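Source file: run34.cif (mmCIF, C-alpha atoms)
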data_structure
loop_
_atom_site.group_PDB
_atom_site.id
_atom_site.type_symbol
_atom_site.label_atom_id
_atom_site.label_comp_id
_atom_site.auth_asym_id
_atom_site.auth_seq_id
_atom_site.Cartn_x
_atom_site.Cartn_y
_atom_site.Cartn_z
ATOM 1 C CA MET Z 1 82.017 141.234 56.481
ATOM 2 C CA ALA Z 2 83.627 138.140 57.918
ATOM 3 C CA VAL Z 3 84.297 135.161 55.628
ATOM 4 C CA ASP Z 4 81.498 133.085 57.185
ATOM 5 C CA GLU Z 5 79.028 135.958 56.618
ATOM 6 C CA ILE Z 6 80.021 136.261 52.963
ATOM 7 C CA VAL Z 7 79.747 132.496 52.466
ATOM 8 C CA GLY Z 8 76.303 132.531 54.089
ATOM 9 C CA LYS Z 9 75.099 135.299 51.757
ATOM 10 C CA VAL Z 10 76.497 133.539 48.678
ATOM 11 C CA MET Z 11 74.847 130.256 49.668
ATOM 12 C CA GLU Z 12 71.446 132.000 49.904
ATOM 13 C CA TYR Z 13 71.488 132.349 46.120
ATOM 14 C CA ALA Z 14 71.781 128.602 45.428
ATOM 15 C CA ILE Z 15 74.215 129.265 42.571
ATOM 16 C CA PRO Z 16 76.867 126.872 41.218
ATOM 17 C CA PHE Z 17 79.618 129.445 40.572
ATOM 18 C CA ALA Z 18 81.197 132.354 42.428
ATOM 19 C CA CYS Z 19 83.729 134.822 41.050
ATOM 20 C CA ILE Z 20 85.784 136.805 43.555
ATOM 21 C CA THR Z 21 86.794 140.055 41.895
ATOM 22 C CA GLY Z 22 86.690 143.805 42.255
ATOM 23 C CA GLY Z 23 89.742 145.964 42.460
ATOM 24 C CA GLU Z 24 92.415 143.541 43.646
ATOM 25 C CA PRO Z 25 90.858 140.815 45.813
ATOM 26 C CA LEU Z 26 94.248 139.643 47.099
ATOM 27 C CA LEU Z 27 94.593 142.911 49.026
ATOM 28 C CA GLN Z 28 92.165 141.220 51.418
ATOM 29 C CA LYS Z 29 94.184 138.568 53.270
ATOM 30 C CA GLU Z 30 91.033 136.469 53.713
ATOM 31 C CA THR Z 31 90.474 135.968 49.977
ATOM 32 C CA PRO Z 32 92.162 132.532 49.797
ATOM 33 C CA GLU Z 33 90.143 131.412 52.838
ATOM 34 C CA LEU Z 34 86.930 132.664 51.211
ATOM 35 C CA ALA Z 35 87.716 130.796 48.002
ATOM 36 C CA GLY Z 36 88.434 127.640 49.996
ATOM 37 C CA GLU Z 37 85.197 127.877 51.976
ATOM 38 C CA LEU Z 38 83.157 128.304 48.791
ATOM 39 C CA LEU Z 39 84.920 125.339 47.201
ATOM 40 C CA GLU Z 40 84.165 123.207 50.264
ATOM 41 C CA ARG Z 41 80.482 123.971 49.800
ATOM 42 C CA GLY Z 42 80.600 122.619 46.267
ATOM 43 C CA LEU Z 43 80.752 125.837 44.266
ATOM 44 C CA ARG Z 44 83.022 126.375 41.301
ATOM 45 C CA VAL Z 45 85.162 129.378 42.177
ATOM 46 C CA SER Z 46 87.328 131.811 40.270
ATOM 47 C CA VAL Z 47 89.470 134.646 41.567
ATOM 48 C CA GLU Z 48 90.183 137.545 39.214
ATOM 49 C CA THR Z 49 93.447 139.237 40.110
ATOM 50 C CA ASN Z 50 95.371 142.043 38.445
ATOM 51 C CA GLY Z 51 98.612 140.051 38.669
ATOM 52 C CA SER Z 52 100.399 142.521 40.941
ATOM 53 C CA MET Z 53 100.477 140.196 43.959
ATOM 54 C CA ASP Z 54 101.604 136.662 44.704
ATOM 55 C CA HIS Z 55 98.568 134.522 43.944
ATOM 56 C CA SER Z 56 99.935 131.163 45.107
ATOM 57 C CA ALA Z 57 97.720 131.071 48.244
ATOM 58 C CA ILE Z 58 94.564 130.764 46.149
ATOM 59 C CA PRO Z 59 93.403 127.145 46.650
ATOM 60 C CA ARG Z 60 94.088 124.690 43.838
ATOM 61 C CA GLY Z 61 90.414 124.080 43.112
ATOM 62 C CA ALA Z 62 89.786 127.743 42.311
ATOM 63 C CA ALA Z 63 90.463 129.107 38.847
ATOM 64 C CA ARG Z 64 92.832 132.061 38.784
ATOM 65 C CA ILE Z 65 92.155 134.694 36.141
ATOM 66 C CA ILE Z 66 95.125 137.003 35.869
ATOM 67 C CA ASP Z 67 94.574 140.362 34.197
ATOM 68 C CA ILE Z 68 97.810 141.447 32.525
ATOM 69 C CA LYS Z 69 97.583 145.206 32.160
ATOM 70 C CA CYS Z 70 98.299 146.604 28.690
ATOM 71 C CA PRO Z 71 99.924 150.019 28.115
ATOM 72 C CA GLY Z 72 96.581 151.640 27.260
ATOM 73 C CA SER Z 73 95.261 150.869 30.746
ATOM 74 C CA GLY Z 74 97.696 153.219 32.468
ATOM 75 C CA GLU Z 75 98.476 150.312 34.843
ATOM 76 C CA HIS Z 76 101.048 148.557 32.667
ATOM 77 C CA GLY Z 77 104.190 147.070 34.181
ATOM 78 C CA LYS Z 78 102.809 146.044 37.566
ATOM 79 C CA VAL Z 79 102.801 142.261 37.009
ATOM 80 C CA ASN Z 80 104.471 140.345 39.809
ATOM 81 C CA PRO Z 81 107.004 137.945 38.199
ATOM 82 C CA VAL Z 82 105.789 135.145 40.479
ATOM 83 C CA VAL Z 83 102.544 135.099 38.467
ATOM 84 C CA LEU Z 84 104.403 133.593 35.520
ATOM 85 C CA VAL Z 85 106.753 131.433 37.577
ATOM 86 C CA ARG Z 86 103.960 129.831 39.599
ATOM 87 C CA LYS Z 87 101.323 129.568 36.891
ATOM 88 C CA ARG Z 88 99.030 126.577 36.880
ATOM 89 C CA GLN Z 89 97.548 124.889 33.843
ATOM 90 C CA THR Z 90 94.117 126.045 35.027
ATOM 91 C CA ASP Z 91 95.152 129.722 35.121
ATOM 92 C CA GLU Z 92 93.624 132.056 32.570
ATOM 93 C CA PHE Z 93 95.347 135.213 31.373
ATOM 94 C CA LYS Z 94 93.179 138.164 30.401
ATOM 95 C CA PHE Z 95 94.191 141.221 28.404
ATOM 96 C CA VAL Z 96 91.833 144.205 28.133
ATOM 97 C CA LEU Z 97 92.647 146.208 25.028
ATOM 98 C CA VAL Z 98 91.913 149.792 24.029
ATOM 99 C CA ASN Z 99 93.670 149.903 20.648
ATOM 100 C CA ARG Z 100 96.009 148.204 18.165
ATOM 101 C CA ASP Z 101 99.095 149.001 20.270
ATOM 102 C CA ASP Z 102 97.554 147.084 23.168
ATOM 103 C CA PHE Z 103 96.787 144.164 20.858
ATOM 104 C CA GLU Z 104 100.371 144.017 19.660
ATOM 105 C CA PHE Z 105 101.673 144.255 23.230
ATOM 106 C CA ALA Z 106 99.359 141.430 24.361
ATOM 107 C CA ARG Z 107 100.093 139.251 21.332
ATOM 108 C CA ASP Z 108 103.838 139.609 21.871
ATOM 109 C CA TYR Z 109 103.539 139.060 25.642
ATOM 110 C CA VAL Z 110 101.543 135.859 25.125
ATOM 111 C CA ARG Z 111 104.086 134.517 22.658
ATOM 112 C CA LYS Z 112 107.116 135.539 24.742
ATOM 113 C CA HIS Z 113 105.772 133.724 27.799
ATOM 114 C CA GLY Z 114 104.187 130.770 25.962
ATOM 115 C CA LEU Z 115 100.848 131.423 27.611
ATOM 116 C CA THR Z 116 98.719 129.592 25.044
ATOM 117 C CA GLU Z 117 100.751 126.384 25.356
ATOM 118 C CA LYS Z 118 98.975 125.310 28.559
ATOM 119 C CA ASN Z 119 96.691 128.177 29.533
ATOM 120 C CA THR Z 120 93.579 129.897 28.267
ATOM 121 C CA VAL Z 121 94.218 133.415 26.995
ATOM 122 C CA LEU Z 122 91.396 135.951 26.798
ATOM 123 C CA PHE Z 123 91.411 139.196 24.823
ATOM 124 C CA SER Z 124 88.702 141.732 25.712
ATOM 125 C CA PRO Z 125 87.886 145.067 24.139
ATOM 126 C CA ALA Z 126 87.730 147.844 26.746
ATOM 127 C CA GLY Z 127 84.360 149.553 26.912
ATOM 128 C CA ASN Z 128 83.582 151.464 23.740
ATOM 129 C CA THR Z 129 87.206 152.129 22.820
ATOM 130 C CA LEU Z 130 87.750 149.072 20.600
ATOM 131 C CA SER Z 131 85.177 147.367 18.428
ATOM 132 C CA PRO Z 132 84.658 143.668 19.254
ATOM 133 C CA ALA Z 133 84.433 142.996 15.506
ATOM 134 C CA VAL Z 134 87.813 144.619 14.875
ATOM 135 C CA LEU Z 135 89.399 142.674 17.732
ATOM 136 C CA ALA Z 136 87.851 139.451 16.410
ATOM 137 C CA GLU Z 137 89.481 140.084 13.016
ATOM 138 C CA TRP Z 138 92.879 140.680 14.608
ATOM 139 C CA LEU Z 139 92.529 137.455 16.583
ATOM 140 C CA ILE Z 140 91.527 135.449 13.521
ATOM 141 C CA ASP Z 141 94.457 136.844 11.543
ATOM 142 C CA GLU Z 142 97.187 136.873 14.189
ATOM 143 C CA MET Z 143 96.281 135.031 17.376
ATOM 144 C CA PRO Z 144 93.623 132.358 16.732
ATOM 145 C CA GLU Z 145 94.769 130.421 19.794
ATOM 146 C CA ALA Z 146 93.386 133.178 22.059
ATOM 147 C CA ARG Z 147 89.715 133.699 22.842
ATOM 148 C CA LEU Z 148 87.594 136.769 22.305
ATOM 149 C CA ASN Z 149 86.143 137.652 25.703
ATOM 150 C CA LEU Z 150 83.231 140.088 25.761
ATOM 151 C CA GLN Z 151 81.794 141.766 28.821
ATOM 152 C CA ILE Z 152 78.237 140.520 28.375
ATOM 153 C CA HIS Z 153 76.804 142.961 30.897
ATOM 154 C CA ARG Z 154 77.778 145.801 28.533
ATOM 155 C CA PHE Z 155 75.474 144.312 25.894
ATOM 156 C CA ILE Z 156 72.631 143.516 28.284
ATOM 157 C CA TRP Z 157 72.745 146.866 30.114
ATOM 158 C CA PRO Z 158 74.613 149.202 27.702
ATOM 159 C CA HIS Z 159 73.682 152.378 29.568
ATOM 160 C CA GLU Z 160 74.194 151.081 33.115
ATOM 161 C CA PRO Z 161 77.864 150.817 34.121
ATOM 162 C CA ARG Z 162 77.167 148.253 36.889
ATOM 163 C CA GLY Z 163 74.244 146.238 35.500
ATOM 164 C CA ARG Z 164 71.030 146.649 37.456
#
Written as structure tokens, that's how I'd like the structure from this file.
Amino acid sequence: MAVDEIVGKVMEYAIPFACITGGEPLLQKETPELAGELLERGLRVSVETNGSMDHSAIPRGAARIIDIKCPGSGEHGKVNPVVLVRKRQTDEFKFVLVNRDDFEFARDYVRKHGLTEKNTVLFSPAGNTLSPAVLAEWLIDEMPEARLNLQIHRFIWPHEPRGR
């Protein structure tokens, strides 16, 4: 679909917020334009990126949520260094964890790069591999400056991988 078609469809819903995500949205060169068009129409906009690409073209009004891949994801080590160099105060950094090793990696990464000094940091348990309660305890004990981030759709539709 063309950007104007997507914007038209989004505007049909009369919603205040749009999140551009799915795979890596920056693989589509039109993503910054789409974010800008949605912002111009008064929506709050976020772009969820896996951090592998330069994200500086995303318009300033859009929140950038950068998913830093942990070792347990099998995608670890693909972060583009520009993500940390060009970070904005409004950027959020998300870590999806499968186990204690991932927690320790994420905790150390956050501290090494000072991510909680000016940015929001989100820790999420992956699927059914890590208990939210266990992760909450680790955060309370070792990283209270980060937020527990739960995938609400997994609680609402636990047996449907994509919601309804």
Task: Nearest residue to Ile65 of chain Z from the set Z:Pro25, Z:Pro81, Z:Arg100, Z:Glu30 (distances using only C-alpha atoms) - done: Z:Pro25
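Using all atoms listed in the file for every distance, the candidate list Z:Asp91, Z:Cys70, Z:Met53, Z:Gly61 yields Z:Cys70 as the residue closest to Asp108 of chain Z.
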With segment 139-150 of chain Z as the partner and 12 Å as the cut-off, tabulate the residues of segment 8-110 of chain Z that qualify, each row holding the nearest pair of atoms and their distance in Å to one decimal, using all atoms listed in the file, sorted by chain and rising number, as a Markdown table.
| residue | atom | partner | partner_atom | distance |
| --- | --- | --- | --- | --- |
| Z:Glu92 | CA | Z:Ala146 | CA | 10.6 |
| Z:Phe93 | CA | Z:Ala146 | CA | 9.7 |
| Z:Lys94 | CA | Z:Asn149 | CA | 8.5 |
| Z:Phe95 | CA | Z:Asn149 | CA | 9.2 |
| Z:Val96 | CA | Z:Asn149 | CA | 9.0 |
| Z:Leu97 | CA | Z:Asn149 | CA | 10.8 |
| Z:Arg100 | CA | Z:Leu139 | CA | 11.4 |
| Z:Phe103 | CA | Z:Leu139 | CA | 9.0 |
| Z:Glu104 | CA | Z:Glu142 | CA | 9.5 |
| Z:Ala106 | CA | Z:Met143 | CA | 10.0 |
| Z:Arg107 | CA | Z:Met143 | CA | 6.9 |
| Z:Asp108 | CA | Z:Met143 | CA | 9.9 |
| Z:Tyr109 | CA | Z:Met143 | CA | 11.7 |
| Z:Val110 | CA | Z:Ala146 | CA | 9.1 |
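When all atoms listed in the file are used to compute distances to Pro59 of chain Z, the closest of the residues Z:Ala126, Z:Cys19, Z:Val82, Z:Leu34 turns out to be Z:Leu34.
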- [ ] Apply the PyMOL selection byres ((chain Z and resi 35) around 9) to the structure shown and report the selected residues as a list in words.
- [x]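 Output of the PyMOL selection byres ((chain Z and resi 35) around 9): Ala18, Cys19, Ile20, Glu30, Thr31, Pro32, Glu33, Leu34, Gly36, Glu37, Leu38, Leu39, Glu40, Val45, Ser46, Val47, Ile58, Pro59, Gly61 and Ala62 of chain Z.
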Task: Residue neighbourhood Val83 of chain Z, 12 Å, all atoms listed in the file, exclusion window fewer than 2 positions, as a PyMOL selection string - done: chain Z and resi 49-58+64-68+78-81+85-88+91-93+113+115
TODO: Give me, please, the distance in Å between atom CA of Phe155 of chain Z and atom CA of Asn128 of chain Z, quoted to one decimal.
DONE: 11.0 Å
- [ ] Have a look at atom CA of Pro125 of chain Z and atom CA of Phe17 of chain Z and let me know their distance in Å, one decimal.
- [x] 24.1 Å
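Interatomic distance, atom CA of Ala63 of chain Z against atom CA of Gly42 of chain Z: 13.9 Å.
Nearest residue to Ser73 of chain Z among Z:Thr116, Z:Leu27, Z:Lys9, Z:Gly127 is Z:Gly127, counting all atoms listed in the file.
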Open item on the list: Nearest residue to Leu122 of chain Z out of Z:Ala2, Z:Leu84, Z:Val10, Z:Ala136, using all atoms listed in the file?
Closed with: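 Closest to Leu122 of chain Z of all the choices is Z:Ala136.
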TODO: Tell me which of Z:Arg111, Z:Lys29, Z:Arg60, Z:Gly77 sits closest to Gln89 of chain Z, counting all atoms listed in the file.
DONE: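 Nearest to Gln89 of chain Z: Z:Arg60.
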